[in-house]
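Colleague: Coordinates in entry08.txt, compact mmCIF, C-alpha atoms, are listed below.
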```
# COMPACT_ATOMS: atom_id res chain seq x y z
CA ALA A 15 30.82 -9.60 -13.08
CA TYR A 16 27.37 -9.20 -11.57
CA PRO A 17 24.83 -10.40 -14.17
CA TYR A 18 22.70 -7.28 -14.46
CA SER A 19 19.83 -7.18 -16.94
CA SER A 20 17.56 -4.48 -18.28
CA LEU A 21 14.65 -6.07 -16.42
CA GLN A 22 16.52 -5.87 -13.13
CA VAL A 23 17.36 -2.22 -13.74
CA LEU A 24 13.67 -1.64 -14.44
CA SER A 25 12.82 -3.41 -11.17
CA PHE A 26 15.12 -1.09 -9.26
CA ALA A 27 13.75 1.96 -11.08
CA LEU A 28 10.08 1.15 -10.52
CA THR A 29 10.67 0.42 -6.84
CA VAL A 30 12.61 3.63 -6.20
CA VAL A 31 10.49 5.92 -8.39
CA SER A 32 7.18 4.69 -6.97
CA THR A 33 8.55 5.21 -3.46
CA ALA A 34 9.73 8.71 -4.36
CA LEU A 35 6.26 9.55 -5.68
CA ALA A 36 4.70 8.27 -2.45
CA ILE A 37 7.05 10.49 -0.43
CA ILE A 38 6.13 13.48 -2.60
CA ALA A 39 2.42 12.74 -2.20
CA CYS A 40 2.78 12.50 1.58
CA SER A 41 4.82 15.72 1.70
CA LEU A 42 2.25 17.61 -0.37
CA ARG A 43 -0.49 16.26 1.87
CA MET A 44 1.24 17.60 4.96
CA TYR A 45 1.84 20.95 3.26
CA SER A 46 -1.82 21.11 2.26
CA ARG A 47 -2.83 20.40 5.85
CA SER A 48 -0.52 23.15 7.06
CA LEU A 49 -2.42 25.64 4.90
CA THR A 50 -5.66 24.85 6.69
CA ARG A 51 -4.09 23.90 10.03
CA SER A 52 -6.13 20.73 10.04
CA PHE A 53 -3.68 17.97 10.86
CA GLY A 54 -5.43 14.83 11.97
CA ILE A 55 -4.59 11.29 12.99
CA ASP A 56 -5.33 10.22 9.41
CA ASP A 57 -2.40 12.36 8.23
CA TRP A 58 -0.02 10.89 10.77
CA MET A 59 -1.06 7.39 9.70
CA ILE A 60 -0.11 8.20 6.13
CA CYS A 61 3.22 9.54 7.38
CA THR A 62 3.76 6.29 9.28
CA ALA A 63 2.84 4.26 6.19
CA THR A 64 5.34 6.34 4.19
CA LEU A 65 8.10 5.56 6.68
CA PHE A 66 7.32 1.87 6.29
CA THR A 67 7.36 2.12 2.50
CA ILE A 68 10.77 3.84 2.59
CA ASN A 69 12.09 0.88 4.55
CA GLN A 70 10.34 -1.48 2.18
CA CYS A 71 12.09 0.28 -0.70
CA TRP A 72 15.65 -0.27 0.48
CA SER A 73 15.01 -3.81 1.68
CA SER A 74 13.25 -4.73 -1.57
CA SER A 75 16.11 -3.22 -3.55
CA LEU A 76 18.54 -5.44 -1.69
CA VAL A 77 16.35 -8.45 -2.43
CA ILE A 78 16.41 -7.53 -6.12
CA HIS A 79 20.19 -7.42 -5.91
CA TYR A 80 20.91 -10.53 -3.84
CA GLU A 81 18.10 -12.66 -5.29
CA TYR A 82 18.97 -11.60 -8.85
CA ILE A 83 15.42 -10.47 -9.59
CA GLY A 84 15.12 -9.68 -13.29
CA VAL A 85 18.02 -11.93 -14.21
CA HIS A 86 17.57 -15.17 -16.13
CA ALA A 87 17.96 -18.20 -13.87
CA ALA A 88 20.59 -19.63 -16.21
CA ASP A 89 22.76 -16.53 -15.70
CA ILE A 90 22.64 -16.55 -11.89
CA PRO A 91 25.91 -17.71 -10.31
CA VAL A 92 26.14 -19.94 -7.26
CA HIS A 93 25.49 -17.69 -4.27
CA ASP A 94 24.54 -17.66 -0.60
CA GLU A 95 20.79 -17.09 -0.28
CA ALA A 96 20.96 -16.01 3.37
CA LYS A 97 21.13 -12.28 2.62
CA ALA A 98 18.31 -12.48 0.09
CA LEU A 99 16.13 -14.38 2.57
CA LEU A 100 16.87 -11.90 5.36
CA TYR A 101 16.07 -8.83 3.28
CA SER A 102 13.03 -10.54 1.79
CA TRP A 103 11.71 -11.15 5.30
CA LEU A 104 12.39 -7.53 6.26
CA ALA A 105 10.64 -6.28 3.11
CA VAL A 106 7.54 -8.31 3.98
CA VAL A 107 7.62 -7.07 7.58
CA PHE A 108 7.77 -3.46 6.37
CA TYR A 109 5.06 -4.09 3.76
CA THR A 110 2.61 -5.75 6.14
CA PRO A 111 1.18 -2.69 7.98
CA ILE A 112 1.19 -0.25 5.06
CA LEU A 113 -2.14 -1.03 3.41
CA SER A 114 -3.97 -1.29 6.73
CA LEU A 115 -2.53 2.06 7.84
CA VAL A 116 -3.59 3.65 4.56
CA LYS A 117 -7.12 2.26 4.79
CA THR A 118 -7.45 3.35 8.40
CA SER A 119 -6.28 6.81 7.35
CA ILE A 120 -8.92 6.92 4.61
CA LEU A 121 -11.59 5.86 7.08
CA GLY A 122 -10.49 8.58 9.50
CA PHE A 123 -10.64 11.12 6.70
CA LEU A 124 -14.16 9.97 5.81
CA LEU A 125 -15.20 10.53 9.41
CA ARG A 126 -13.96 14.11 9.13
CA LEU A 127 -15.87 14.60 5.88
CA GLY A 128 -19.22 13.55 7.25
CA GLY A 129 -19.02 9.89 8.11
CA LYS A 130 -20.34 10.56 11.61
CA GLN A 131 -23.66 11.90 10.36
CA ARG A 132 -25.29 8.56 9.58
CA ARG A 133 -25.30 5.86 12.24
CA GLY A 134 -24.91 2.97 9.79
CA VAL A 135 -21.95 4.57 8.03
CA ARG A 136 -20.35 5.49 11.35
CA ILE A 137 -20.63 1.90 12.60
CA ALA A 138 -19.19 0.58 9.33
CA ILE A 139 -16.23 2.95 9.55
CA TYR A 140 -15.42 2.12 13.16
CA THR A 141 -15.80 -1.60 12.44
CA LEU A 142 -13.36 -1.40 9.53
CA ILE A 143 -10.93 0.67 11.61
CA THR A 144 -11.04 -2.01 14.31
CA LEU A 145 -10.52 -4.81 11.79
CA ASN A 146 -7.60 -2.98 10.17
CA THR A 147 -5.98 -2.37 13.54
CA LEU A 148 -6.34 -6.00 14.54
CA GLN A 149 -4.96 -7.04 11.16
CA ILE A 150 -1.83 -4.94 11.64
CA ILE A 151 -1.16 -6.54 15.02
CA ALA A 152 -2.01 -10.12 14.06
CA VAL A 153 -0.42 -10.29 10.61
CA LEU A 154 2.70 -8.42 11.69
CA ALA A 155 3.18 -10.87 14.57
CA VAL A 156 2.64 -13.88 12.31
CA THR A 157 4.97 -12.46 9.66
CA ILE A 158 7.77 -11.79 12.12
CA PHE A 159 7.40 -15.10 13.95
CA GLN A 160 6.44 -17.30 11.00
CA CYS A 161 9.18 -19.73 11.99
CA THR A 162 10.32 -21.05 15.35
CA PRO A 163 13.08 -20.17 15.93
CA VAL A 164 12.78 -16.95 13.93
CA ASN A 165 16.19 -17.27 12.28
CA LEU A 166 14.87 -20.16 10.19
CA VAL A 167 13.17 -17.51 8.04
CA TRP A 168 16.48 -16.24 6.67
CA SER A 169 18.58 -19.35 7.11
CA THR A 170 16.31 -21.83 5.34
CA PRO A 171 14.63 -21.36 1.94
CA SER A 172 10.85 -21.85 2.01
CA SER A 173 11.20 -24.89 -0.25
CA ALA A 174 13.34 -26.61 2.39
CA ARG A 175 11.16 -25.96 5.44
CA GLU A 176 9.09 -29.10 5.31
CA GLY A 177 9.05 -30.66 8.75
CA LEU A 178 10.21 -27.44 10.40
CA ARG A 179 8.05 -25.27 12.63
CA CYS A 180 7.20 -22.72 9.95
CA ILE A 181 4.02 -21.34 8.45
CA ASN A 182 3.62 -21.88 4.73
CA PRO A 183 4.64 -18.45 3.35
CA GLY A 184 2.51 -18.86 0.23
CA VAL A 185 -0.63 -19.49 2.24
CA LEU A 186 0.19 -16.53 4.49
CA VAL A 187 0.77 -14.14 1.57
CA LEU A 188 -2.34 -15.18 -0.35
CA SER A 189 -4.55 -15.09 2.74
CA VAL A 190 -3.45 -11.59 3.69
CA ALA A 191 -3.69 -10.38 0.09
CA SER A 192 -7.23 -11.73 -0.26
CA TRP A 193 -8.31 -10.08 2.98
CA ASN A 194 -6.75 -6.80 1.86
CA ILE A 195 -8.71 -6.90 -1.39
CA LEU A 196 -11.96 -7.52 0.49
CA THR A 197 -11.41 -4.61 2.86
CA ASP A 198 -10.27 -2.45 -0.09
CA ILE A 199 -13.65 -2.98 -1.73
CA LEU A 200 -15.51 -2.12 1.47
CA VAL A 201 -13.48 1.06 2.01
CA VAL A 202 -13.88 2.16 -1.62
CA ALA A 203 -17.66 1.71 -1.38
CA LEU A 204 -18.10 3.97 1.67
CA PRO A 205 -17.56 7.38 0.00
CA TYR A 206 -20.60 6.82 -2.22
CA ARG A 207 -22.92 6.75 0.77
CA ILE A 208 -21.25 9.66 2.53
CA PHE A 209 -21.00 12.05 -0.40
CA PHE A 210 -24.59 11.58 -1.48
CA ASP A 211 -25.57 13.06 1.89
CA ILE A 212 -23.28 16.08 1.60
CA LYS A 213 -25.15 19.25 0.71
CA THR A 214 -23.27 20.49 -2.33
CA ASN A 215 -23.79 20.82 -6.06
CA LYS A 216 -23.70 17.81 -8.36
CA ARG A 217 -20.39 18.70 -10.01
CA MET A 218 -18.65 19.05 -6.66
CA ARG A 219 -20.12 15.79 -5.40
CA ASN A 220 -19.07 13.92 -8.53
CA ALA A 221 -15.57 15.39 -8.26
CA LEU A 222 -15.27 14.20 -4.67
CA ILE A 223 -16.49 10.72 -5.54
CA GLY A 224 -14.17 10.58 -8.55
CA VAL A 225 -11.12 11.46 -6.47
CA PHE A 226 -11.92 8.85 -3.85
CA MET A 227 -12.60 6.25 -6.54
CA LEU A 228 -8.89 6.33 -7.36
CA GLY A 229 -8.77 3.63 -4.71
CA ILE A 230 -10.24 1.28 -7.30
CA VAL A 231 -6.94 1.47 -9.17
CA VAL A 232 -5.14 0.20 -6.07
CA THR A 233 -7.68 -2.60 -5.65
CA VAL A 234 -7.21 -3.70 -9.26
CA PHE A 235 -3.46 -3.64 -8.76
CA SER A 236 -3.87 -5.72 -5.60
CA ILE A 237 -5.77 -8.34 -7.59
CA VAL A 238 -2.96 -8.42 -10.16
CA ARG A 239 -0.44 -8.83 -7.34
CA LEU A 240 -2.51 -11.68 -5.87
CA TYR A 241 -2.31 -13.49 -9.21
CA TYR A 242 1.46 -13.07 -9.41
CA MET A 243 1.94 -14.13 -5.79
CA TYR A 244 0.02 -17.30 -6.56
CA ARG A 245 2.31 -17.95 -9.51
CA ILE A 246 5.42 -17.31 -7.43
CA PHE A 247 4.45 -19.62 -4.56
CA PHE A 248 2.32 -22.31 -6.16
CA THR A 249 3.51 -22.80 -9.73
CA VAL A 250 6.81 -24.00 -11.10
CA SER A 251 8.51 -21.64 -13.52
CA PRO A 252 11.62 -22.51 -15.53
CA ASP A 253 12.82 -18.92 -15.10
CA PRO A 254 11.32 -17.68 -11.81
CA THR A 255 13.60 -14.69 -11.24
CA TYR A 256 13.08 -13.17 -14.68
CA SER A 257 9.89 -11.36 -13.75
CA LEU A 258 8.57 -8.10 -12.33
CA GLY A 259 6.24 -9.99 -10.02
CA TYR A 260 8.35 -9.40 -6.91
CA ILE A 261 8.21 -5.59 -7.08
CA LEU A 262 4.40 -5.46 -7.26
CA SER A 263 4.20 -5.30 -3.47
CA ALA A 264 6.25 -2.10 -3.33
CA ILE A 265 4.31 -0.50 -6.18
CA GLU A 266 0.99 -1.50 -4.61
CA SER A 267 1.80 0.09 -1.25
CA ASN A 268 3.12 3.26 -2.90
CA LEU A 269 0.05 3.57 -5.12
CA ALA A 270 -2.11 3.24 -2.01
CA ILE A 271 -0.28 6.11 -0.30
CA ILE A 272 -0.53 8.29 -3.41
CA ALA A 273 -4.22 7.57 -4.05
CA SER A 274 -5.17 8.15 -0.41
CA SER A 275 -3.29 11.45 -0.29
CA ILE A 276 -4.89 13.01 -3.37
CA PRO A 277 -8.25 13.83 -1.68
CA ALA A 278 -6.37 15.69 1.07
CA LEU A 279 -4.70 17.95 -1.52
CA TRP A 280 -7.94 19.84 -2.17
CA PRO A 281 -6.85 23.07 -0.38
CA LEU A 282 -3.55 23.00 -2.25
CA ALA A 283 -5.30 22.41 -5.58
CA ARG A 284 -7.59 25.40 -4.98
CA LEU A 285 -4.58 27.55 -4.15
CA TRP A 286 -2.68 26.54 -7.27
CA PHE A 287 -5.70 26.43 -9.59
CA PRO A 288 -8.20 29.12 -8.51
CA CYS A 289 -10.32 28.48 -11.59
CA MET A 290 -11.42 25.15 -10.07
CA ASP A 291 -13.99 26.90 -7.88
CA SER A 292 -15.91 28.31 -10.81
CA LYS A 293 -15.68 25.08 -12.78
CA LEU A 294 -17.11 23.13 -9.86
CA GLY A 295 -19.73 25.75 -9.09
CA ILE A 296 -18.26 26.77 -5.74
CA ASN A 297 -19.27 30.28 -4.79
CA HIS A 298 -18.31 30.31 -1.13
CA HIS A 299 -15.28 29.60 1.00
CA TYR A 300 -14.73 26.18 2.56
```
Turn this file's structure into structure tokens for me.
Modeller:
Amino acid sequence: AYPYSSLQVLSFALTVVSTALAIIACSLRMYSRSLTRSFGIDDWMICTATLFTINQCWSSSLVIHYEYIGVHAADIPVHDEAKALLYSWLAVVFYTPILSLVKTSILGFLLRLGGKQRRGVRIAIYTLITLNTLQIIAVLAVTIFQCTPVNLVWSTPSSAREGLRCINPGVLVLSVASWNILTDILVVALPYRIFFDIKTNKRMRNALIGVFMLGIVVTVFSIVRLYYMYRIFFTVSPDPTYSLGYILSAIESNLAIIASSIPALWPLARLWFPCMDSKLGINHHY
């Protein structure tokens, strides 16, 4: 019988539920935009990121199954790792563009909110958009073609690739994760400068900043993921599969989609909770 464990079931559940919440957040965002007829490229980027995270969900779930994630190493039977390696590679490929798409979407949204008004902020936004775009292209290419020939990725475990034409996967993962955290911090810092220039009351300004600061949660989670990725690739564990470390990538990308969609739900929130206007001191229509 397949050696299921409660931790593996939890891994499946967290992966699927977080993805479902990301889909709901994206759907609500699009509905909110339909109310104001203000669809923008930032919305389509979130939709694209959501499509990637859906694919990451099923591929990660198959990795959990075939790699026996959440199962004690002593309970894992002899098995062919080829399927686990293939789906693991696919999961990483699907994961790679998500955070950059989300950050580019946030930057586009900030431009719509007033990021074009100050030259310094505008340059910072366009610079970060360019860097994120280049990252998607470069990292996706490196991830897909990390071995030559490519099939070595799913036919040879990373521990057995010494001497082969392959990039060290641990170095690749940690490098990309570190860069993502750096750009996360830069993107999270931008709303402060923009919203202080918006002519509105203090409560409204603080509410806007507070909503955008949800990105800090994603950044903290990214740091936690970086730590676990380091442990996975560069430390020796007697029970490496009995951990939730693997699913952090899926949760991270889904949290990013959710957090980035919340600011766009403002029209929907005002429709559902009319009392918000008076509480925030809004006396006119936006």
Colleague: What does the distance between CA of Ile265 (chain A) and CA of Ser32 (chain A) come to in Å, to one decimal place?
Modeller: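 Atom-to-atom, CA of Ile265 (chain A) to CA of Ser32 (chain A), that is 6.0 Å.
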Colleague: Hey, can you check how far CA of Ala96 (chain A) sits from CA of Ile151 (chain A)?
Modeller: 26.7 Å
Colleague: Within 9 Å of region 170-174 of chain A, counting only C-alpha atoms, which residues show up once you throw out same-chain ones fewer than 5 positions away? Write them as JSON, numbers by chain, please.
Modeller: {"A": [95, 96, 99, 165, 180, 182, 183]}
Colleague: Rounded to one decimal, what separation in Å do you get between CA of Ile83 (chain A) and CA of Thr255 (chain A)?
Modeller: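 Result for CA of Ile83 (chain A) versus CA of Thr255 (chain A): 4.9 Å, one decimal.
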Colleague: With distances taken over only C-alpha atoms, which residue among A:Leu178, A:Leu240, A:Leu124, A:Ile158 lies nearest Leu142 (chain A)?
Modeller: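 Distance minimum relative to Leu142 (chain A) lands on A:Leu124.
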Colleague: May I have the residues within 10 Å of region 38-53 of chain A as a list in words, using only C-alpha atoms and disregarding those fewer than 4 positions away in the same chain?
Modeller: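 Using only C-alpha atoms, the neighbours found are Ser32, Thr33, Ala34, Asp57, Trp58, Ile60, Cys61, Thr62, Ala63, Thr64, Asn268, Leu269, Ile271, Ile272, Ala273, Ser274, Ser275, Ile276, Pro277, Ala278, Leu279, Trp280, Pro281, Leu282, Ala283 and Leu285 of chain A.
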Colleague: Which residues are close to Ile150 (chain A), i.e. within 12 Å by all atoms listed in the file, leaving aside same-chain residues fewer than 4 positions away? Reply as a PyMOL selection string.
Modeller: chain A and resi 63+107-118+143-146+154-158+190+193-194
Colleague: Please determine, counting only C-alpha atoms, which residue among A:Leu21, A:Val250, A:Ile120, A:Leu186 has the shortest atom-to-atom distance to Val106 (chain A).
Modeller: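 So, comparing all the options, the nearest one is A:Leu186.
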Colleague: Residues within 10 Å of Tyr242 (chain A), please, as a ChimeraX atom specification. Count all atoms listed in the file; anything in the same chain fewer than 6 positions from it doesn't count.
Modeller: /A:236,248-249,257-260,262
Colleague: Find the residue from A:Met243, A:Asp56, A:Pro163, A:Asp94 that sits nearest to Ile261 (chain A); use only C-alpha atoms when measuring.
Modeller: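 For Ile261 (chain A), the nearest of the candidates is A:Met243.
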Colleague: Of the candidates A:Ser189, A:Ser25, A:Ser73, A:Ser19, which one gets nearest to Asp89 (chain A) if we count only C-alpha atoms?
Modeller: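 The closest residue to Asp89 (chain A) is A:Ser19.
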